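Visitor: One structure, pasted below without further comment.
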Amino acid sequence: MNDATVLRWYIEVAETLAFGRAAKALNISRLRLSAAVKELQDEVGEPLFVPGDGPTELTEAGRALLDRARDIVAEDDRRRAEEAAAAPARPTLRVGFVPGVTVTKWTRIWADRHPGTDLQTVVVEESDQLHALRTGVVDMCFVREPAEREGLHCVPLYSEVAVVVVPKDHPAAAYDAVTLGDLEGESLQDGSDRSEATLPTTLEMVAAGVGPVLVPHSLARLHSRKDLLYRPVTDADPTRIFLAWPTSVAAPEEGTLDLPQEFLGVVRGRAAHSSRTESERGTPPRKKKKAAAPGPAAERSQAPRRRR
């Protein structure tokens with residue numbers, strides 16, 4: 001029962017008395033959190049929460065464990081602080097990402113390629129994405145279609161298809177995709193506020209029959225519900241995802257990695273022994289075969305919608 005990580009999770013649940021909010025605060029799935037707390041409860045041998053459909057409430061054993069958990073976590077924090085003070089500072093790159101962007105693949109590659117450099121990822125609300133970059137909350141950020149790019153490097157990565165979210169019994173359910181013309185006469189809701197605080201409410205209103213909403217595909221998937229479905233809108237403008245970082249970032253010292261360029265290389269699929277990486281490390285670059293010129297970018301599909 002001395003696993004400080006699990007005890008930290010338990011403290012969050014015990015203090016908020018809400019598994020959903022605790023999971024969100026900890027940035028882990030609710031299922032994973034519930035399983036960890038259940039294992040902890042099995043280890044204690046007594047219920048930690050009062051059973052029933054009422055509000056979540058701690059049992060006597062749960063309150064006793066909370067006191068013990070706080071002591072163990074405080075001791076773990078003290079030990080970590082001492083170790084950090086004694087250890088040499090490690091270079092760190094802080095990368096933000098807006099909801100809907102999945103960064104797991106890139107963080108895994110970074111850990112394999114640069115084990116001596118910490119990569120910290122931070123969820124950033126779309127409305128705060130540029131502020132987070134310009135105030136130094138993050139060093140780089142996956143942003144969604146920034147309107148203002150002054151003072152930023154903005155590298156386009158990919159486009160997200162726009163989808164319409166509708167109730168399951170909506171006529172759009174009969175088709176693989178729809179057009180904006182198909183949605184004429186609908187009371188479309190304003191989907192411009194895609195924050196974690198607002199979008200779930202908007203989708204609740206969709207379910208209640210207030211009106212459909214257009215959102216990027218990744219957000220519809222992230223907030224999917226059993227009573228709603230979404231369909232691509234073939235002639236709606238897509239939303240582009242960029243990797244951005246300030247132009248004011250100082251050049252790296254000689255012999256050190258250019259962290260933004262290294263991370264950009266990971267995202268773009270640059271091999272670990274690419275010419276850029278090897279030249280920065282003082283290794284002669286390998287010769288490459290000349291690649292064929294890429295074809296023009298594919299346009300959005302204009303194929304007619306098909307009935308399911």
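Lettering and numbering for the structure tokens are positional, with chains as A, B, ... in the shown order, residues counted from 1 in each chain, and ligands counted from 1 in the shown order.
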DSSP says helix (DSSP H, G or I) for which residues of region 123-260 of chain A? Put them as a ChimeraX atom specification?
Guide: /A:126-134,171-174,181-183,199-207,217-222,259-260
Visitor: Would you mind listing what lies within 10 Å of region 189-195 of chain A as a list in words, with only C-alpha atoms counted and same-chain residues fewer than 3 positions away left out?
Guide: Val98, Pro99, Val124, Glu125, Glu126, Ser127, Asp128, Glu186, Thr198, Leu199, Pro200, Thr202, Leu203, Met205, Val206, Val210, Gly211, Pro212, Val213, Leu214, Val215, Pro216 and Leu219 of chain A
Visitor: Excluding Phe242 (chain A) and residues on its chain fewer than 3 positions from it, collect all residues at most 9 Å away from it, counting only C-alpha atoms, and give them as a PyMOL selection string.
Guide: chain A and resi 141-146+154-158
Visitor: Please, could you write that set of residues out with C-alpha atoms as a tab-separated table (two decimals), in the first residue's frame?
Guide:
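In the end it all went to out_39.tsv:
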```tsv
chain	number	residue	atom	x	y	z
A	141	CYS	CA	1.85	23.48	-29.02
A	142	PHE	CA	-0.37	21.52	-31.37
A	143	VAL	CA	-2.88	24.23	-32.25
A	144	ARG	CA	-6.10	24.26	-34.24
A	145	GLU	CA	-6.13	26.75	-37.13
A	146	PRO	CA	-4.56	29.79	-35.42
A	154	CYS	CA	3.40	27.45	-37.61
A	155	VAL	CA	4.01	24.15	-39.42
A	156	PRO	CA	0.85	22.63	-40.95
A	157	LEU	CA	0.46	18.93	-40.13
A	158	TYR	CA	-2.93	17.69	-41.26
```
Visitor: Env of region 251-267 of chain A: 8 Å cut, atoms = only C-alpha atoms, seq-sep filter 2 positions within chain, self excluded. Answer as a PyMOL selection string.
Guide: chain A and resi 93+106+109-110+139-140+243+245+249+269-271+277+280-281
Visitor: Could you write those residues out with all heavy atoms, as a compact mmCIF listing (two decimals), in the first residue's frame?
Guide:
```txt
# COMPACT_ATOMS: atom_id res chain seq x y z
N LEU A 93 11.37 19.73 -22.53
CA LEU A 93 10.56 20.35 -23.57
C LEU A 93 9.10 20.19 -23.18
O LEU A 93 8.63 19.08 -22.96
CB LEU A 93 10.82 19.68 -24.93
CG LEU A 93 10.04 20.27 -26.12
CD1 LEU A 93 10.51 21.69 -26.41
CD2 LEU A 93 10.22 19.39 -27.36
N TRP A 106 4.06 10.16 -30.57
CA TRP A 106 5.24 11.03 -30.62
C TRP A 106 5.97 11.04 -29.29
O TRP A 106 7.20 11.11 -29.26
CB TRP A 106 4.81 12.43 -31.04
CG TRP A 106 4.18 12.45 -32.41
CD1 TRP A 106 4.62 11.79 -33.52
CD2 TRP A 106 2.98 13.12 -32.79
NE1 TRP A 106 3.78 12.02 -34.58
CE2 TRP A 106 2.76 12.84 -34.16
CE3 TRP A 106 2.07 13.93 -32.12
CZ2 TRP A 106 1.67 13.34 -34.87
CZ3 TRP A 106 0.99 14.44 -32.81
CH2 TRP A 106 0.80 14.15 -34.17
N ILE A 109 8.08 7.85 -29.17
CA ILE A 109 9.28 7.93 -30.01
C ILE A 109 10.32 8.84 -29.36
O ILE A 109 11.51 8.55 -29.35
CB ILE A 109 8.91 8.46 -31.42
CG1 ILE A 109 8.03 7.43 -32.15
CG2 ILE A 109 10.17 8.74 -32.24
CD1 ILE A 109 7.50 7.92 -33.47
N TRP A 110 9.85 9.96 -28.78
CA TRP A 110 10.78 10.89 -28.13
C TRP A 110 11.50 10.20 -26.97
O TRP A 110 12.71 10.36 -26.80
CB TRP A 110 10.02 12.11 -27.62
CG TRP A 110 10.91 13.13 -26.97
CD1 TRP A 110 11.28 13.18 -25.66
CD2 TRP A 110 11.55 14.23 -27.62
NE1 TRP A 110 12.10 14.25 -25.43
CE2 TRP A 110 12.30 14.91 -26.62
CE3 TRP A 110 11.57 14.71 -28.92
CZ2 TRP A 110 13.04 16.06 -26.91
CZ3 TRP A 110 12.31 15.85 -29.20
CH2 TRP A 110 13.04 16.51 -28.20
N ASP A 139 6.41 25.27 -24.51
CA ASP A 139 7.44 25.66 -25.48
C ASP A 139 6.94 25.51 -26.91
O ASP A 139 7.32 26.28 -27.79
CB ASP A 139 8.69 24.80 -25.29
CG ASP A 139 9.25 24.91 -23.89
OD1 ASP A 139 9.43 26.05 -23.42
OD2 ASP A 139 9.49 23.86 -23.25
N MET A 140 6.11 24.49 -27.13
CA MET A 140 5.52 24.22 -28.43
C MET A 140 4.07 23.80 -28.18
O MET A 140 3.73 23.40 -27.06
CB MET A 140 6.25 23.09 -29.19
CG MET A 140 7.73 23.28 -29.33
SD MET A 140 8.51 21.90 -30.23
CE MET A 140 8.09 22.30 -31.93
N LEU A 243 1.69 22.63 -35.75
CA LEU A 243 2.62 22.61 -34.63
C LEU A 243 3.27 23.98 -34.59
O LEU A 243 3.88 24.41 -35.58
CB LEU A 243 3.67 21.51 -34.80
CG LEU A 243 4.68 21.38 -33.66
CD1 LEU A 243 3.99 21.10 -32.33
CD2 LEU A 243 5.69 20.26 -33.96
N TRP A 245 5.46 27.20 -32.40
CA TRP A 245 6.34 27.61 -31.31
C TRP A 245 6.85 29.03 -31.62
O TRP A 245 6.86 29.46 -32.77
CB TRP A 245 7.51 26.63 -31.12
CG TRP A 245 8.52 26.54 -32.23
CD1 TRP A 245 9.74 27.15 -32.28
CD2 TRP A 245 8.41 25.79 -33.45
NE1 TRP A 245 10.40 26.82 -33.43
CE2 TRP A 245 9.61 25.98 -34.16
CE3 TRP A 245 7.42 24.97 -34.00
CZ2 TRP A 245 9.83 25.40 -35.42
CZ3 TRP A 245 7.64 24.39 -35.24
CH2 TRP A 245 8.83 24.60 -35.94
N VAL A 249 12.44 31.95 -29.81
CA VAL A 249 13.23 30.92 -29.11
C VAL A 249 14.70 31.07 -29.49
O VAL A 249 15.05 31.12 -30.67
CB VAL A 249 12.72 29.51 -29.47
CG1 VAL A 249 13.65 28.44 -28.88
CG2 VAL A 249 11.31 29.31 -28.94
N GLY A 269 8.04 12.41 -38.81
CA GLY A 269 8.50 11.09 -39.18
C GLY A 269 9.95 11.02 -39.62
O GLY A 269 10.37 10.06 -40.26
N ARG A 270 10.75 12.04 -39.23
CA ARG A 270 12.15 12.03 -39.60
C ARG A 270 12.86 10.89 -38.87
O ARG A 270 12.65 10.67 -37.68
CB ARG A 270 12.80 13.36 -39.22
CG ARG A 270 14.26 13.50 -39.68
CD ARG A 270 14.87 14.76 -39.09
NE ARG A 270 14.11 15.93 -39.46
CZ ARG A 270 14.03 17.02 -38.71
NH1 ARG A 270 14.64 17.05 -37.55
NH2 ARG A 270 13.34 18.06 -39.12
N ALA A 271 13.65 10.14 -39.58
CA ALA A 271 14.36 9.01 -38.98
C ALA A 271 15.37 9.49 -37.94
O ALA A 271 15.84 10.63 -38.00
CB ALA A 271 15.07 8.19 -40.06
N THR A 277 19.73 15.39 -37.97
CA THR A 277 20.15 14.88 -36.66
C THR A 277 21.63 14.57 -36.64
O THR A 277 22.35 14.89 -35.71
CB THR A 277 19.33 13.62 -36.30
OG1 THR A 277 17.95 13.95 -36.35
CG2 THR A 277 19.70 13.13 -34.92
N GLU A 280 23.88 17.65 -36.58
CA GLU A 280 23.90 18.30 -35.29
C GLU A 280 24.77 17.54 -34.31
O GLU A 280 25.32 18.10 -33.37
CB GLU A 280 22.46 18.41 -34.75
CG GLU A 280 21.64 19.43 -35.50
CD GLU A 280 20.16 19.36 -35.12
OE1 GLU A 280 19.76 18.38 -34.47
OE2 GLU A 280 19.45 20.29 -35.49
N ARG A 281 24.90 16.24 -34.52
CA ARG A 281 25.72 15.43 -33.61
C ARG A 281 27.15 15.27 -34.10
O ARG A 281 27.93 14.56 -33.50
CB ARG A 281 25.07 14.04 -33.48
CG ARG A 281 23.72 14.09 -32.78
CD ARG A 281 23.06 12.75 -32.83
NE ARG A 281 21.77 12.77 -32.14
CZ ARG A 281 20.88 11.82 -32.20
NH1 ARG A 281 21.11 10.76 -32.94
NH2 ARG A 281 19.74 11.91 -31.56
```
Visitor: Near His170 (chain A), within 10 Å and counting only C-alpha atoms, which residues show up once chain neighbours fewer than 5 positions away are dropped, as an MDAnalysis selection string?
Guide: chainID A and resid 165 209 212 228:229
Visitor: Given only C-alpha atoms as the basis, pick out the residue of A:Arg240, A:Leu130, A:Lys24, A:Val44 nearest to Glu148 (chain A).
Guide: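 Nearest candidate to Glu148 (chain A) out of A:Arg240, A:Leu130, A:Lys24, A:Val44: A:Leu130.
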